[in-house]
Protein chains: 2
Amino acid sequence: MKVKRIHQIENYLKNKQEASLEELKDHFNVSLNTIRRDINELTKSSTIKKVYGGVVYTKDNQVTEAFEDRNVSHLEEKRKIGQHCAQFIKQHDIVYLDSGTTTHFVLDLLDKEIEFTLITNSLEVINKAVKFQNVTLIVIGETYKRSTKSFTGISDDQTINKFNINKAFMSATAFSIDNGASNSDLLENRIKKLICDRVQDIYLLIDDTKFGKTSLYTYCNLEDIHTIVTNNGVAQAYVKPIEKSKTKLILL
Amino acid sequence: MKVKRIHQIENYLKNKQEASLEELKDHFNVSLNTIRRDINELTKSSTIKKVYGGVVYTKDNQVTEAFEDRNVSHLEEKRKIGQHCAQFIKQHDIVYLDSGTTTHFVLDLLDKEIEFTLITNSLEVINKAVKFQNVTLIVIGETYKRSTKSFTGISDDQTINKFNINKAFMSATAFSIDNGASNSDLLENRIKKLICDRVQDIYLLIDDTKFGKTSLYTYCNLEDIHTIVTNNGVAQAYVKPIEKSKTKLILL
DNA sequence: TATATTTTGATTAACTTTTGATAATTTATA
DNA sequence: TATAAATTATCAAAAGTTAATCAAAATATA
């Protein structure tokens, strides 16, 4: 009985963040005394703090955007790569911005006056894009995937196929001369493939650590990529073949 | 409870941006002296600044929901209505949360442990829902509409029709006994209608100012609504007919 | 079933917060 | 600069909270 109630109290506090002892007494129909004893036990084991007259649940509830960025590797390279691509978006473009930790930076330096259509499946891109008054924002994908902060899973290919996209800014888990741009998630791969099949200019935004690797599913080959934007540090073994191809290489 | 009041003061200021000490004294029913002491504590921990005769909330760098809430009328009623509905969401429910300024509050007091599927077209709901680890989050609608912060326009009705939703928490521009729940945007109306045609239990979350009015398009009639949740202040002229109907009425 | 153990609620004394009053000081502005 | 209003500091009374004690009730164990 007691253990069960203590657990319930913990849950109650998790949701409400804070509560007075009076409130808990009424809610759990026990005496103030009992609540006190329960709270005494809880404060030992849980992240609950006692304050005069009540309790507060202390656990970092808010993870800020900046905090999330802190765990991104090669952040500054990615920022540079993304921001460099802002210049490629022109008036009346129909643009696809991929999910990932690089592509959303494209919007950071983008002129707020440009009118264009932005198609994306990335929640980070969506939240940055809503601030652009002249952007027509379209989301594709249905089911939210926490690990990539993107909406994956599309009900039918027609949803994507009806858009005439002229520029796509893509991310990738890996890139190699032979296997092109690849990633590891099947649902995401399906969207990437559908986009790349339809778009005129594919921009691949990857930092130098992605080169010479291959992930599970290829979604696009080297010859289909219009421009690769990356940071300086790519080995000559990869630079040479790209320079021989018709794909443009930008080293930042 | 001191801690609770201080927290409430902080929230109050987040919404109002600024307040005089007199105003705070009246709102929280404590002495000026106590408010002063509370403010002193708050200025240490929060982004609140003391000015002569009052306090101001200095806008923080994160995009807070509170900032957006600033211009919402009847905010406290809406918060109460939304938060009250948290209890209706149970394990394994498939829930639709409508766009609007009330419905997203449902998530504020919701148990983070409950596993359920959440379908929505509201960006505010999406951004609150991503913090729930046990929620399967599905977005419907494609094109972002700034005025309602929601995704409207769906490529085909099948997208919605494939979900078996059992509870829908709906907002409305207006509600009347004869014309039911109505709103003014055609694209939004289409989604609302599709949802209401398929869902088992329709909860209508509206503040008292919406009663006795009719907007352009009706999406749902009184007899189809399971429960109306509103604040106390609804005229008897509307309360009586609802109580006679099979629709439940909750006055907060 | 009887007995030990735990949990509970009532009581109360010790303690903390809140309050309002007063007086001295600071601040805004006419 | 004068004046009114706001602020700070201090204090003691009032109100609310806590922790300790103890007996009754519930529960577990022999």
# chains A, B, ... in the order shown; residues from 1 in each chain; ligands from 1
call {"tool": "closest_atom_pairs", "arguments": {"of": "chain C", "to": "chain B", "cutoff": "12 Å", "atoms": "only C-alpha atoms (C1' of nucleotides)", "output": "tab-separated table"}}
result
residue	atom	partner	partner_atom	distance
C:DT16	C1'	B:Lys2	CA	11.6
C:DT17	C1'	B:Lys2	CA	8.6
C:DT18	C1'	B:Thr34	CA	7.2
C:DT19	C1'	B:Ser31	CA	7.1
C:DG20	C1'	B:Ser31	CA	8.4
C:DA21	C1'	B:Asn33	CA	11.3
C:DT26	C1'	B:Tyr52	CA	10.6
C:DT27	C1'	B:Tyr52	CA	7.8
C:DA28	C1'	B:Tyr52	CA	8.7
call {"tool": "residues_around", "arguments": {"residues": "segment 225-231 of chain A", "least_positions_apart": "2", "cutoff": "6 Å", "atoms": "only C-alpha atoms (C1' of nucleotides)", "output": "PyMOL selection string"}}
result
chain A and resi 81+201-208+222-223+247-252
call {"tool": "interface_residues", "arguments": {"of": "chain A", "to": "chain B", "cutoff": "6 Å", "atoms": "only C-alpha atoms", "output": "list in words"}}
result
Asn15, Gly53, Leu137, Ile138, Val139, Glu142, Thr143 and Tyr144 of chain A
call {"tool": "closest_atom_pairs", "arguments": {"of": "chain D", "to": "chain B", "cutoff": "9 Å", "atoms": "only C-alpha atoms (C1' of nucleotides)", "output": "tab-separated table"}}
result
residue	atom	partner	partner_atom	distance
D:DA5	C1'	B:Gly53	CA	8.9
D:DA6	C1'	B:Gly53	CA	6.3
D:DT7	C1'	B:Tyr52	CA	8.7
call {"tool": "closest_residue", "arguments": {"among": "B:Phe116, B:Tyr57, B:Phe28, B:Phe175", "to": "His92 of chain B", "atoms": "only C-alpha atoms"}}
result
B:Phe116
call {"tool": "residues_around", "arguments": {"residues": "Lys213 of chain B", "least_positions_apart": "5", "cutoff": "10 Å", "atoms": "only C-alpha atoms (C1' of nucleotides)", "output": "JSON, numbers by chain"}}
result
{"B": [173, 174, 175, 176, 177, 178, 179, 180, 181, 182]}
call {"tool": "atom_distance", "arguments": {"atom1": "atom CA of Lys49 of chain A", "atom2": "atom C1' of DA19 of chain D"}}
result
17.4 Å
call {"tool": "residues_around", "arguments": {"residues": "segment 21-30 of chain D", "least_positions_apart": "6", "cutoff": "8 Å", "atoms": "only C-alpha atoms (C1' of nucleotides)", "output": "PyMOL selection string"}}
result
chain C and resi 4-8
call {"tool": "select_by_dssp", "arguments": {"residues": "segment 32-206 of chain B", "states": "helix (DSSP H, G or I)", "output": "PDB file with C-alpha atoms, in the first residue's frame"}}
result
ATOM      1  CA  LEU B  32       2.848  44.144  -0.868  1.00  0.00           C
ATOM      2  CA  ASN B  33       5.622  43.208   1.486  1.00  0.00           C
ATOM      3  CA  THR B  34       5.421  39.560   0.544  1.00  0.00           C
ATOM      4  CA  ILE B  35       5.357  40.335  -3.158  1.00  0.00           C
ATOM      5  CA  ARG B  36       8.493  42.394  -2.686  1.00  0.00           C
ATOM      6  CA  ARG B  37      10.238  39.518  -0.978  1.00  0.00           C
ATOM      7  CA  ASP B  38       9.095  37.114  -3.695  1.00  0.00           C
ATOM      8  CA  ILE B  39      10.335  39.423  -6.417  1.00  0.00           C
ATOM      9  CA  ASN B  40      13.678  39.701  -4.658  1.00  0.00           C
ATOM     10  CA  GLU B  41      14.075  35.961  -4.868  1.00  0.00           C
ATOM     11  CA  LEU B  42      12.898  35.831  -8.442  1.00  0.00           C
ATOM     12  CA  THR B  43      15.343  38.427  -9.651  1.00  0.00           C
ATOM     13  CA  LYS B  44      18.137  36.182  -8.417  1.00  0.00           C
ATOM     14  CA  SER B  45      17.099  33.108 -10.365  1.00  0.00           C
ATOM     15  CA  GLU B  65       5.894  29.641 -25.734  1.00  0.00           C
ATOM     16  CA  ALA B  66       5.103  32.323 -23.211  1.00  0.00           C
ATOM     17  CA  PHE B  67       6.130  35.059 -25.594  1.00  0.00           C
ATOM     18  CA  GLU B  68       3.721  33.747 -28.175  1.00  0.00           C
ATOM     19  CA  ASP B  69       1.011  33.438 -25.560  1.00  0.00           C
ATOM     20  CA  LEU B  75      -5.303  32.834 -21.599  1.00  0.00           C
ATOM     21  CA  GLU B  76      -5.858  31.648 -18.044  1.00  0.00           C
ATOM     22  CA  GLU B  77      -9.274  30.200 -18.864  1.00  0.00           C
ATOM     23  CA  LYS B  78      -7.792  28.405 -21.847  1.00  0.00           C
ATOM     24  CA  ARG B  79      -4.918  27.024 -19.828  1.00  0.00           C
ATOM     25  CA  LYS B  80      -7.347  25.717 -17.205  1.00  0.00           C
ATOM     26  CA  ILE B  81      -9.596  24.134 -19.831  1.00  0.00           C
ATOM     27  CA  GLY B  82      -6.707  22.489 -21.625  1.00  0.00           C
ATOM     28  CA  GLN B  83      -4.958  21.254 -18.509  1.00  0.00           C
ATOM     29  CA  HIS B  84      -8.188  19.781 -17.179  1.00  0.00           C
ATOM     30  CA  CYS B  85      -8.375  17.517 -20.220  1.00  0.00           C
ATOM     31  CA  ALA B  86      -5.021  15.873 -19.516  1.00  0.00           C
ATOM     32  CA  GLN B  87      -6.836  13.319 -17.364  1.00  0.00           C
ATOM     33  CA  PHE B  88      -8.867  12.063 -20.316  1.00  0.00           C
ATOM     34  CA  THR B 103      -5.664  22.481 -26.988  1.00  0.00           C
ATOM     35  CA  HIS B 104      -1.878  22.437 -26.542  1.00  0.00           C
ATOM     36  CA  PHE B 105      -2.320  23.008 -22.811  1.00  0.00           C
ATOM     37  CA  VAL B 106      -3.603  19.432 -22.575  1.00  0.00           C
ATOM     38  CA  LEU B 107       0.014  18.280 -22.723  1.00  0.00           C
ATOM     39  CA  ASP B 108       1.133  20.508 -19.835  1.00  0.00           C
ATOM     40  CA  LEU B 109      -0.220  18.278 -17.090  1.00  0.00           C
ATOM     41  CA  LEU B 123       3.116  23.134 -34.625  1.00  0.00           C
ATOM     42  CA  GLU B 124       2.701  24.170 -30.999  1.00  0.00           C
ATOM     43  CA  VAL B 125       1.426  20.710 -30.128  1.00  0.00           C
ATOM     44  CA  ILE B 126       4.256  19.088 -32.083  1.00  0.00           C
ATOM     45  CA  ASN B 127       6.895  21.069 -30.237  1.00  0.00           C
ATOM     46  CA  LYS B 128       5.380  20.162 -26.879  1.00  0.00           C
ATOM     47  CA  ALA B 129       4.881  16.524 -27.862  1.00  0.00           C
ATOM     48  CA  GLN B 158      -7.189   8.707 -47.075  1.00  0.00           C
ATOM     49  CA  THR B 159      -4.288  10.063 -45.044  1.00  0.00           C
ATOM     50  CA  ILE B 160      -6.651  10.791 -42.190  1.00  0.00           C
ATOM     51  CA  ASN B 161      -9.033   7.962 -42.853  1.00  0.00           C
ATOM     52  CA  LEU B 186     -12.133  26.177 -45.258  1.00  0.00           C
ATOM     53  CA  LEU B 187      -8.953  24.088 -45.279  1.00  0.00           C
ATOM     54  CA  GLU B 188      -8.943  23.743 -41.510  1.00  0.00           C
ATOM     55  CA  ASN B 189     -12.627  22.955 -41.577  1.00  0.00           C
ATOM     56  CA  ARG B 190     -11.979  20.059 -43.953  1.00  0.00           C
ATOM     57  CA  ILE B 191      -9.488  18.467 -41.565  1.00  0.00           C
ATOM     58  CA  LYS B 192     -11.722  19.066 -38.534  1.00  0.00           C
ATOM     59  CA  LYS B 193     -14.666  17.516 -40.333  1.00  0.00           C
ATOM     60  CA  LEU B 194     -12.676  14.474 -41.441  1.00  0.00           C
ATOM     61  CA  ILE B 195     -11.456  13.958 -37.892  1.00  0.00           C
ATOM     62  CA  CYS B 196     -14.882  14.371 -36.303  1.00  0.00           C
ATOM     63  CA  ASP B 197     -16.432  11.984 -38.814  1.00  0.00           C
ATOM     64  CA  ARG B 198     -14.083   9.232 -37.716  1.00  0.00           C
TER      65      ARG B 198
END
call {"tool": "select_by_dssp", "arguments": {"residues": "segment 29-193 of chain B", "states": "strand (DSSP E)", "output": "number ranges by chain"}}
result
B: 48-51, 54-57, 94-97, 116-120, 135-139, 143-145, 150-152, 167-170, 174-176, 180-183
call {"tool": "atom_distance", "arguments": {"atom1": "atom CA of Thr209 of chain A", "atom2": "atom CA of Ser122 of chain A"}}
result
22.3 Å
call {"tool": "atom_distance", "arguments": {"atom1": "atom CA of Ile165 of chain B", "atom2": "atom CA of Tyr96 of chain B"}}
result
6.8 Å
